[in-house]
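Content type mmCIF, C-alpha atoms, from the file entry-v6.cif:
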```cif
data_model
#
loop_
_atom_site.group_PDB
_atom_site.id
_atom_site.type_symbol
_atom_site.label_atom_id
_atom_site.label_comp_id
_atom_site.auth_asym_id
_atom_site.auth_seq_id
_atom_site.Cartn_x
_atom_site.Cartn_y
_atom_site.Cartn_z
ATOM 1 C CA MET A 1 0.000 0.000 0.000
ATOM 2 C CA GLU A 2 1.334 3.397 -1.010
ATOM 3 C CA THR A 3 1.536 6.186 1.565
ATOM 4 C CA THR A 4 2.747 9.768 1.221
ATOM 5 C CA THR A 5 4.799 12.098 3.397
ATOM 6 C CA GLU A 6 4.978 15.874 3.106
ATOM 7 C CA SER A 7 7.824 17.699 4.823
ATOM 8 C CA THR A 8 10.773 20.048 4.465
ATOM 9 C CA PHE A 9 14.065 18.299 3.746
ATOM 10 C CA ARG A 10 17.742 19.099 3.464
ATOM 11 C CA VAL A 11 19.499 17.375 0.567
ATOM 12 C CA LEU A 12 22.606 15.726 2.035
ATOM 13 C CA GLY A 13 23.954 14.226 -1.180
ATOM 14 C CA ALA A 14 24.080 10.834 -2.844
ATOM 15 C CA ALA A 15 22.755 7.980 -0.742
ATOM 16 C CA PRO A 16 25.722 5.861 0.427
ATOM 17 C CA GLU A 17 24.047 2.521 -0.218
ATOM 18 C CA ARG A 18 22.504 3.320 -3.632
ATOM 19 C CA ASP A 19 23.879 4.936 -6.782
ATOM 20 C CA ASP A 20 20.426 6.007 -7.942
ATOM 21 C CA ALA A 21 19.158 7.731 -4.791
ATOM 22 C CA LEU A 22 19.519 10.970 -2.879
ATOM 23 C CA LEU A 23 19.867 11.126 0.885
ATOM 24 C CA LEU A 24 17.594 13.706 2.491
ATOM 25 C CA LEU A 25 17.262 14.840 6.095
ATOM 26 C CA ASP A 26 13.706 15.421 7.297
ATOM 27 C CA ARG A 27 13.667 18.767 9.082
ATOM 28 C CA ALA A 28 10.695 17.658 11.192
ATOM 29 C CA ASP A 29 12.471 14.866 13.041
ATOM 30 C CA HIS A 30 16.082 15.003 11.741
ATOM 31 C CA GLU A 31 15.732 11.489 10.314
ATOM 32 C CA PRO A 32 17.593 10.656 7.072
ATOM 33 C CA VAL A 33 15.711 9.082 4.185
ATOM 34 C CA SER A 34 16.862 7.714 0.813
ATOM 35 C CA VAL A 35 14.750 8.816 -2.134
ATOM 36 C CA ALA A 36 14.975 7.557 -5.712
ATOM 37 C CA ALA A 37 16.758 10.079 -7.942
ATOM 38 C CA ALA A 38 15.918 8.525 -11.320
ATOM 39 C CA GLY A 39 12.921 7.289 -13.271
ATOM 40 C CA TYR A 40 10.854 10.492 -13.313
ATOM 41 C CA ASP A 41 9.150 12.196 -16.228
ATOM 42 C CA GLY A 42 8.658 15.757 -17.420
ATOM 43 C CA ASP A 43 9.075 18.707 -15.066
ATOM 44 C CA LEU A 44 9.531 16.463 -12.050
ATOM 45 C CA ALA A 45 12.510 14.781 -13.715
ATOM 46 C CA ASP A 46 14.081 18.212 -14.290
ATOM 47 C CA ASP A 47 13.350 19.291 -10.723
ATOM 48 C CA VAL A 48 14.907 16.178 -9.182
ATOM 49 C CA ASP A 49 17.897 16.323 -11.527
ATOM 50 C CA GLY A 50 18.498 19.916 -10.426
ATOM 51 C CA LEU A 51 18.812 19.130 -6.725
ATOM 52 C CA ARG A 52 22.218 19.717 -5.158
ATOM 53 C CA PRO A 53 23.641 18.873 -1.707
ATOM 54 C CA GLY A 54 22.556 21.532 0.746
ATOM 55 C CA TYR A 55 19.323 22.537 -0.961
ATOM 56 C CA LEU A 56 16.359 23.023 1.352
ATOM 57 C CA VAL A 57 13.220 21.653 -0.301
ATOM 58 C CA ASP A 58 9.552 21.137 0.349
ATOM 59 C CA ALA A 59 8.714 17.702 -0.986
ATOM 60 C CA THR A 60 6.042 15.050 -1.081
ATOM 61 C CA LEU A 61 7.321 11.487 -0.978
ATOM 62 C CA ALA A 62 5.388 8.401 -1.988
ATOM 63 C CA TRP A 63 6.303 5.197 -0.189
ATOM 64 C CA ASN A 64 5.837 1.727 -1.654
ATOM 65 C CA ASP A 65 7.280 -1.353 0.081
ATOM 66 C CA GLY A 66 9.732 0.825 1.997
ATOM 67 C CA ASP A 67 11.036 2.689 -1.062
ATOM 68 C CA ALA A 68 10.492 6.440 -1.362
ATOM 69 C CA ARG A 69 9.995 8.462 -4.552
ATOM 70 C CA PHE A 70 9.314 12.129 -5.159
ATOM 71 C CA THR A 71 5.821 13.072 -6.271
ATOM 72 C CA ASP A 72 6.512 16.787 -5.869
ATOM 73 C CA VAL A 73 9.543 18.903 -4.948
ATOM 74 C CA ASP A 74 9.975 22.649 -4.578
ATOM 75 C CA VAL A 75 13.289 24.304 -3.716
ATOM 76 C CA ARG A 76 13.059 26.807 -0.863
ATOM 77 C CA LYS A 77 16.743 27.716 -0.537
ATOM 78 C CA ARG A 78 19.706 26.883 -2.733
ATOM 79 C CA THR A 79 22.136 26.579 0.137
ATOM 80 C CA LEU A 80 25.150 24.489 -0.871
ATOM 81 C CA LEU A 81 26.781 21.728 1.170
ATOM 82 C CA THR A 82 30.309 20.636 0.272
ATOM 83 C CA TYR A 83 32.411 17.821 1.751
ATOM 84 C CA ALA A 84 36.198 17.537 1.473
ATOM 85 C CA ASP A 85 38.411 14.842 2.970
ATOM 86 C CA ALA A 86 42.163 14.985 3.758
ATOM 87 C CA VAL A 87 42.205 18.794 3.768
ATOM 88 C CA THR A 88 45.498 20.598 4.472
ATOM 89 C CA GLY A 89 46.391 24.224 5.188
ATOM 90 C CA LEU A 90 43.475 25.065 7.463
ATOM 91 C CA PHE A 91 42.505 28.705 7.913
ATOM 92 C CA GLU A 92 43.369 30.536 11.129
ATOM 93 C CA ALA A 93 39.859 30.598 12.612
ATOM 94 C CA ALA A 94 39.629 26.810 12.369
ATOM 95 C CA LEU A 95 43.048 26.321 13.961
ATOM 96 C CA ASP A 96 42.205 28.722 16.793
ATOM 97 C CA THR A 97 38.882 26.982 17.418
ATOM 98 C CA MET A 98 40.553 23.561 17.531
ATOM 99 C CA GLU A 99 43.151 24.860 19.983
ATOM 100 C CA GLN A 100 40.466 26.274 22.251
ATOM 101 C CA ALA A 101 38.556 22.991 22.103
ATOM 102 C CA HIS A 102 41.739 21.148 23.081
ATOM 103 C CA GLN A 103 42.317 23.477 26.030
ATOM 104 C CA GLU A 104 38.754 23.129 27.278
ATOM 105 C CA GLY A 105 38.521 19.398 26.582
ATOM 106 C CA ALA A 106 35.405 20.088 24.527
ATOM 107 C CA GLY A 107 34.054 17.622 21.968
ATOM 108 C CA VAL A 108 32.408 20.448 20.034
ATOM 109 C CA HIS A 109 33.401 24.093 19.900
ATOM 110 C CA GLY A 110 32.382 26.987 17.676
ATOM 111 C CA ARG A 111 32.923 30.674 17.058
ATOM 112 C CA PRO A 112 31.622 33.333 14.664
ATOM 113 C CA THR A 113 33.849 34.739 11.941
ATOM 114 C CA PHE A 114 33.962 38.304 10.691
ATOM 115 C CA SER A 115 35.010 40.169 7.581
ATOM 116 C CA THR A 116 37.878 42.673 7.573
ATOM 117 C CA ASP A 117 35.210 45.331 8.154
ATOM 118 C CA GLY A 118 34.033 43.574 11.310
ATOM 119 C CA GLU A 119 30.793 42.298 9.767
ATOM 120 C CA PRO A 120 29.622 38.745 10.603
ATOM 121 C CA ASN A 121 30.284 36.451 7.651
ATOM 122 C CA GLY A 122 29.910 32.951 9.064
ATOM 123 C CA ALA A 123 30.695 30.525 11.846
ATOM 124 C CA VAL A 124 33.232 27.741 12.280
ATOM 125 C CA TYR A 125 32.644 24.637 14.381
ATOM 126 C CA VAL A 126 35.009 21.802 15.217
ATOM 127 C CA PHE A 127 33.977 18.288 16.217
ATOM 128 C CA ALA A 128 36.519 16.047 17.914
ATOM 129 C CA GLU A 129 37.147 12.786 16.100
ATOM 130 C CA GLN A 130 36.874 9.593 18.120
ATOM 131 C CA PRO A 131 38.890 6.961 16.205
ATOM 132 C CA GLY A 132 37.520 3.486 16.643
ATOM 133 C CA GLU A 133 34.315 4.804 18.215
ATOM 134 C CA ARG A 134 32.662 7.085 15.684
ATOM 135 C CA ASP A 135 33.344 8.682 12.329
ATOM 136 C CA VAL A 136 32.121 12.275 12.687
ATOM 137 C CA PHE A 137 32.715 13.125 9.016
ATOM 138 C CA ASP A 138 30.582 10.179 7.922
ATOM 139 C CA GLU A 139 27.919 10.947 10.527
ATOM 140 C CA ILE A 140 27.510 14.442 9.096
ATOM 141 C CA ARG A 141 27.339 13.117 5.516
ATOM 142 C CA THR A 142 24.699 10.548 6.418
ATOM 143 C CA GLY A 143 22.600 12.771 8.675
ATOM 144 C CA ALA A 144 23.361 10.839 11.863
ATOM 145 C CA LEU A 145 24.841 14.102 13.149
ATOM 146 C CA PRO A 146 22.481 16.805 11.816
ATOM 147 C CA LEU A 147 23.848 20.273 11.142
ATOM 148 C CA GLU A 148 20.378 21.834 11.124
ATOM 149 C CA PRO A 149 20.692 23.461 14.590
ATOM 150 C CA LEU A 150 23.844 25.234 13.374
ATOM 151 C CA VAL A 151 22.121 26.340 10.167
ATOM 152 C CA ASP A 152 19.156 27.627 12.192
ATOM 153 C CA ARG A 153 21.577 29.711 14.263
ATOM 154 C CA LEU A 154 23.114 31.116 11.082
ATOM 155 C CA ASP A 155 19.639 31.956 9.760
ATOM 156 C CA GLU A 156 19.160 34.185 12.796
ATOM 157 C CA GLU A 157 22.011 36.338 11.491
ATOM 158 C CA ALA A 158 20.695 36.401 7.914
ATOM 159 C CA ASP A 159 17.898 34.190 6.606
ATOM 160 C CA CYS A 160 19.403 33.620 3.179
ATOM 161 C CA GLU A 161 21.172 31.000 1.074
ATOM 162 C CA HIS A 162 24.440 29.867 2.671
ATOM 163 C CA GLU A 163 27.430 27.739 1.744
ATOM 164 C CA ILE A 164 28.424 24.991 4.196
ATOM 165 C CA PHE A 165 31.798 23.272 4.079
ATOM 166 C CA VAL A 166 32.558 20.038 5.945
ATOM 167 C CA PHE A 167 36.288 19.357 6.085
ATOM 168 C CA ARG A 168 38.190 16.385 7.490
ATOM 169 C CA PRO A 169 41.736 17.705 7.980
ATOM 170 C CA LEU A 170 44.634 15.425 7.179
ATOM 171 C CA GLU A 171 46.756 16.484 10.152
ATOM 172 C CA HIS A 172 44.240 17.246 12.915
ATOM 173 C CA ASP A 173 41.880 15.118 14.999
ATOM 174 C CA PHE A 174 38.825 17.287 14.368
ATOM 175 C CA VAL A 175 36.197 17.653 11.667
ATOM 176 C CA VAL A 176 35.723 21.297 10.702
ATOM 177 C CA VAL A 177 32.369 22.709 9.640
ATOM 178 C CA TYR A 178 32.469 26.202 8.161
ATOM 179 C CA LEU A 179 29.111 27.848 7.599
ATOM 180 C CA VAL A 180 29.566 30.817 5.276
ATOM 181 C CA LEU A 181 26.753 33.306 5.693
ATOM 182 C CA ARG A 182 26.134 34.247 2.076
ATOM 183 C CA ARG A 183 26.226 32.050 -0.984
ATOM 184 C CA GLU A 184 28.571 33.136 -3.782
ATOM 185 C CA SER A 185 30.180 35.714 -1.511
ATOM 186 C CA VAL A 186 33.863 36.626 -1.698
ATOM 187 C CA LEU A 187 34.446 34.432 1.373
ATOM 188 C CA ALA A 188 32.658 31.432 -0.160
ATOM 189 C CA ASP A 189 34.647 31.849 -3.383
ATOM 190 C CA THR A 190 37.899 32.093 -1.405
ATOM 191 C CA VAL A 191 37.168 28.896 0.515
ATOM 192 C CA ARG A 192 36.360 27.051 -2.698
ATOM 193 C CA ASP A 193 39.518 28.263 -4.424
ATOM 194 C CA THR A 194 41.738 27.527 -1.417
ATOM 195 C CA TYR A 195 40.514 23.959 -0.903
ATOM 196 C CA ASP A 196 39.787 23.068 -4.542
ATOM 197 C CA CYS A 197 36.030 22.728 -4.025
ATOM 198 C CA PRO A 198 34.402 23.985 -7.242
ATOM 199 C CA ARG A 199 30.830 25.129 -6.922
ATOM 200 C CA PRO A 200 28.468 22.554 -8.499
ATOM 201 C CA SER A 201 26.821 23.407 -11.783
ATOM 202 C CA GLU A 202 23.125 24.185 -11.650
ATOM 203 C CA ALA A 203 20.560 22.414 -13.786
#
```
In structure tokens, what does this structure look like?
Amino acid sequence: METTTESTFRVLGAAPERDDALLLLDRADHEPVSVAAAGYDGDLADDVDGLRPGYLVDATLAWNDGDARFTDVDVRKRTLLTYADAVTGLFEAALDTMEQAHQEGAGVHGRPTFSTDGEPNGAVYVFAEQPGERDVFDEIRTGALPLEPLVDRLDEEADCEHEIFVFRPLEHDFVVVYLVLRRESVLADTVRDTYDCPRPSEA
């Protein structure tokens, strides 16, 4: 029997267990869900094909025997979410935040960042890795560790489209999450150029 679900979702990226599915995070309960990304027709096919990691969407999902498919999807915000592994040459704010976390023995620590003019332009958070116990980078990618509370906090500064970078440094025992306030800003472009993270093309 087919059932439907309507909610607001964050697109996390490709589903890890399927090549033909997207992984979404339900904003209502922070539960991840895999949704078929292929086999649609007409405008819906174009809409699904145009989804990118980080997008915030209103969607209706149809469920049949445990499998979910889109019946409708509408993009609310084209926020972008980018993952990079084995990153080197971390920026100063990330290094300072990691050092403070070390000193305080904190598993998670964050701080706002500012432009040269003193204007807020984002926030950096560090999450301590726990080798052999949990993979924080993977938990963020799969939605087991939702970033939505951090995005909500950023929205309080400016309710706009952001760029979110999730970095696993090569030489540090933290995962770094950098939430850049404004999409396609000078800061977002600088981060992408520095860490070789080209902005995805848009359908």
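Nearest to Leu61 in chain A of all the residues A:Glu6, A:Ala106, A:Ala93, A:Val11 is A:Glu6, based on only C-alpha atoms.
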For the atom pair CA of Ala21 in chain A and CA of Asp85 in chain A, what is the interatomic distance in Å to one decimal place?
21.9 Å
May I have the residues within 6 Å of range 51-54 of chain A as number ranges by chain, using all atoms listed in the file and disregarding those fewer than 6 positions away in the same chain?
A: 11-13, 79-81
Distance query Val151 in chain A at most 9 Å, all atoms listed in the file, self and fewer than 5 positions along chain excluded, as a VMD selection string
chain A and resid 156 162 164 179
For Ser115 in chain A, which residue out of A:Thr8, A:Val33, A:Ala188, A:Leu25 is the nearest one, using all atoms listed in the file?
A:Ala188
Let me know the residues the PyMOL selection byres ((chain A and resi 40) around 12) catches in the file above, as a list in words.
Asp20, Val35, Ala36, Ala37, Ala38, Gly39, Asp41, Gly42, Asp43, Leu44, Ala45, Asp46, Asp47, Val48, Asp49, Arg69, Phe70, Thr71, Asp72 and Val73 of chain A
Measuring atom to atom with all atoms listed in the file, identify which of A:Leu23, A:Val136, A:Val180, A:Val191 is nearest to Asp155 in chain A.
A:Val180
Applying the PyMOL selection byres ((chain A and resi 3) around 9) to the file I just gave you, which residues come out? Please list them as a count of residues only.
8
Rounded to one decimal in Å, what is the spacing between CA of Phe137 in chain A and CA of Tyr125 in chain A?
12.7 Å
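Counting all atoms listed in the file and comparing A:Gly66, A:Gly107, A:Pro198, A:Pro16, the residue that lies closest to Gln130 in chain A is A:Gly107.
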Pairwise distance for CA of Ser34 in chain A and CA of Leu22 in chain A, rounded to one decimal in Å
5.6 Å
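Selection by the PyMOL selection byres ((chain A and resi 166-170) around 6) on the present file picks out Tyr83, Ala84, Asp85, Ala86, Val87, Thr88, Phe165, Glu171, His172, Val175, Val176 and Val177 of chain A.
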Leaving out Ala101 in chain A and any residue of its chain fewer than 3 positions from it, which residues lie within 12 Å of it when counting all atoms listed in the file, given as a ChimeraX atom specification?
/A:94-98,104-111,125-129,173-176
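With all atoms listed in the file as the atoms that count, the residue of A:Pro146, A:Gly132, A:Pro32, A:Pro120 with the shortest distance to Leu187 in chain A is A:Pro120.
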Please put the answer as lines of an AutoDock Vina configuration file: centre and edge lengths, in Å with one decimal, of a box along x, y and z that encloses all listed atoms of range 126-134 of chain A plus 4 Å on each side.
```
center_x = 35.8
center_y = 12.6
center_z = 16.7
size_x = 14.2
size_y = 26.3
size_z = 11.0
```
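Neighbours of Gly122 in chain A closer than or equal to 8 Å, with only C-alpha atoms counted and sequence neighbours fewer than 6 positions away skipped, come out as A:Pro112, A:Thr113, A:Phe114, A:Leu154, A:Tyr178, A:Leu179, A:Val180, A:Leu181.
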